[in-house]
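Each remark here refers to the structure printed beneath this line.
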Amino acid sequence: MLVLRYNGSVYQPNLSKIITARHSHGSPKFPNVGNDAKLDECFSISARKSRLLNSLSEETVMRRFARFAAGCFLAVGFTVGVSVLGTPPTGNVLRARANIAGEPGSGISGKVTFTQAPADSHSPVTTVEIVAHVEGLTPGLHGMHIHEIGECANTIRPDGSTFVFGATGGHFDPGPSGNSAADANHPFHMGDIPNLEVNAAGVGHLRYTTSRITLSPGPLSVFDANNSAVIVHLNTDNGGPGVAGTSGGPRIACGVIEVEN
Ligand SMILES: [Cu+2]
């Protein structure tokens, strides 16, 4: 049997390591962390195979290579599955948009745009500029936040009442506190932004730059496994930490944050 020897390092494919890594890093909250490195390993299969051929018997090589390829197939399948189910975008998203709408007949409509400035030597922290324009509101200050789930459906509370736009969950807060309850960790959620200022004509504006979120993949990305949404509230957000009912009250408008190309 042909045995080739190679004086360099011997590559040892470790299927259990790959699968474990995918599960430990691909959590619902941080789905993008760690994925690329694992797939890169799979996509350099040819190089691995060549190195194996230089160090082991052909039969052993083919057995190990088949095992490794099967692992990669599972890993790629897992990633595709997560992407389809959660539909987080792939790639480095730099622009996003939420089309805002109130309940039918409310007359509330608008949009919120998000533009990410890439970090560079002058600004090492990634920032996102948020620009909101919403019409049909009562004059004054209205609480507005990024909520943790990209779905604007109503839900039913335990007491049977309708929770308008309840499907958006609490305030986007992937960490470090990770407490999305509106009255907890407020106003320090990653999704907490200033009030929308509405003029006498019922038109609200906000322009605000934050480093609490990103559009690109990462632990602060609004495009996590279940995406995110913008909620406009009836009342002013007084920003009181831990004070019940001061973060804006009833939800009156909603928009799912979507990639804008
Ligand atoms: Cu809110």
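All residue names refer to the structure tokens as shown: chains lettered A, B, ... in order, residues numbered from 1 in each chain, ligands numbered from 1 in order.
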
Which residues sit within 7 Å of ligand 1, counting only C-alpha atoms and all ligand atoms, listed as number ranges by chain? A: 143-147, 170-171, 182, 231-233, 247-248

Item to complete: Would you list the contacts of Gly204 of chain A as a list in words, taking every protein, DNA or RNA residue within 7 Å and counting only C-alpha atoms, but skipping same-chain residues closer than 5 positions in sequence?
Response: His133, Val134, Glu135, Leu196, Glu197, Val198 and Asn199 of chain A

Store the residues of this selection in a file with N, CA and C atoms, as a short mmCIF file (atom, residue, chain, number, x, y, z; two decimals), in the first residue's frame.
data_model
loop_
_atom_site.label_atom_id
_atom_site.label_comp_id
_atom_site.auth_asym_id
_atom_site.auth_seq_id
_atom_site.Cartn_x
_atom_site.Cartn_y
_atom_site.Cartn_z
N HIS A 133 -39.22 59.48 10.70
CA HIS A 133 -40.22 60.44 10.23
C HIS A 133 -41.57 59.70 10.31
N VAL A 134 -42.40 60.14 11.22
CA VAL A 134 -43.69 59.47 11.43
C VAL A 134 -44.80 60.51 11.49
N GLU A 135 -45.87 60.26 10.76
CA GLU A 135 -46.99 61.21 10.70
C GLU A 135 -48.24 60.62 11.36
N LEU A 196 -39.58 60.43 20.25
CA LEU A 196 -39.90 61.03 18.96
C LEU A 196 -40.60 62.36 19.26
N GLU A 197 -40.08 63.44 18.69
CA GLU A 197 -40.65 64.77 18.96
C GLU A 197 -41.65 65.11 17.87
N VAL A 198 -42.92 65.24 18.25
CA VAL A 198 -43.99 65.43 17.27
C VAL A 198 -44.47 66.88 17.32
N ASN A 199 -44.52 67.52 16.15
CA ASN A 199 -44.92 68.94 16.10
C ASN A 199 -46.45 69.09 16.07
#

In Å and to one decimal, atom CA of Pro194 of chain A is distant from atom CA of Ser123 of chain A by 22.5 Å

What separates atom CA of Pro250 of chain A and atom CA of Thr127 of chain A is a distance of 29.1 Å

Which is closest to Leu141 of chain A among A:Gly240, A:Gly218, A:Gly202, A:Pro124, if we use only C-alpha atoms?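 Of all the options, A:Gly202 lies closest to Leu141 of chain A.
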
Taking the chain letters and numbering used in this document, name the residues of segment 65-213 of chain A that DSSP puts in alpha helix (DSSP H), as a count of residues only. 22

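Using only C-alpha atoms for every distance, the candidate list A:Ala225, A:Ile257, A:Leu215, A:Cys152 yields A:Leu215 as the residue closest to Asn92 of chain A.
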
What separates atom CA of Pro118 of chain A and atom CA of Val222 of chain A is a distance of 15.7 Å

(message) List the spatial neighbours of Pro104 of chain A as a ChimeraX atom specification - criterion: any atom at most 12 Å away, only C-alpha atoms, same-chain residues fewer than 5 positions off excluded.
(response) /A:109,164,252-254

Would you save the residues of that selection, restricted to N, CA and C atoms, as an mmCIF file, in the first residue's frame?
data_model
loop_
_atom_site.group_PDB
_atom_site.id
_atom_site.type_symbol
_atom_site.label_atom_id
_atom_site.label_comp_id
_atom_site.auth_asym_id
_atom_site.auth_seq_id
_atom_site.Cartn_x
_atom_site.Cartn_y
_atom_site.Cartn_z
ATOM 1 N N SER A 109 -48.399 56.660 9.998
ATOM 2 C CA SER A 109 -47.498 55.994 9.053
ATOM 3 C C SER A 109 -46.165 56.725 9.031
ATOM 4 N N VAL A 164 -51.621 45.092 21.816
ATOM 5 C CA VAL A 164 -51.323 45.620 20.485
ATOM 6 C C VAL A 164 -49.816 45.574 20.224
ATOM 7 N N ILE A 252 -48.514 52.190 19.770
ATOM 8 C CA ILE A 252 -49.474 52.699 18.775
ATOM 9 C C ILE A 252 -48.982 52.565 17.338
ATOM 10 N N ALA A 253 -47.714 52.236 17.133
ATOM 11 C CA ALA A 253 -47.230 52.033 15.753
ATOM 12 C C ALA A 253 -46.039 51.097 15.788
ATOM 13 N N CYS A 254 -45.845 50.398 14.664
ATOM 14 C CA CYS A 254 -44.813 49.371 14.626
ATOM 15 C C CYS A 254 -44.245 49.235 13.224
#

Which residues come within 8 Å of Thr210 of chain A, counting only C-alpha atoms, excluding same-chain residues fewer than 5 positions away, as a PDB file with N, CA and C atoms, in the first residue's frame?
ATOM      1  N   THR A 127     -20.964  52.890  14.608  1.00  0.00           N
ATOM      2  CA  THR A 127     -22.152  53.646  14.998  1.00  0.00           C
ATOM      3  C   THR A 127     -23.242  53.505  13.938  1.00  0.00           C
ATOM      4  N   VAL A 128     -24.474  53.698  14.368  1.00  0.00           N
ATOM      5  CA  VAL A 128     -25.628  53.639  13.467  1.00  0.00           C
ATOM      6  C   VAL A 128     -26.435  54.919  13.626  1.00  0.00           C
ATOM      7  N   GLU A 129     -26.675  55.611  12.518  1.00  0.00           N
ATOM      8  CA  GLU A 129     -27.525  56.797  12.551  1.00  0.00           C
ATOM      9  C   GLU A 129     -28.967  56.375  12.305  1.00  0.00           C
ATOM     10  N   ILE A 130     -29.843  56.815  13.194  1.00  0.00           N
ATOM     11  CA  ILE A 130     -31.269  56.497  13.090  1.00  0.00           C
ATOM     12  C   ILE A 130     -32.012  57.778  12.717  1.00  0.00           C
TER      13      ILE A 130
END

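Closest approach to Phe172 of chain A among A:Val230, A:Tyr208, A:Ser121, A:Pro139: A:Val230, based on only C-alpha atoms.
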
Next item on the list: Would you return as a PyMOL selection string the members of segment 63-231 of chain A that DSSP assigns to strand (DSSP E or B) on this structure's backbone?
Entry: chain A and resi 95-102+109-117+127-135+140-142+144-147+155-156+162-163+171+192+196-198+203-210+214+221+229-231

*For Ile156 of chain A, work out the shell of residues within 12 Å, counting only C-alpha atoms and skipping chain neighbours fewer than 5 positions away, then give it as a list of chain:residue names.*
A:Ser161, A:Thr162, A:Phe163, A:Val164, A:Phe165, A:Gly166, A:Ala167
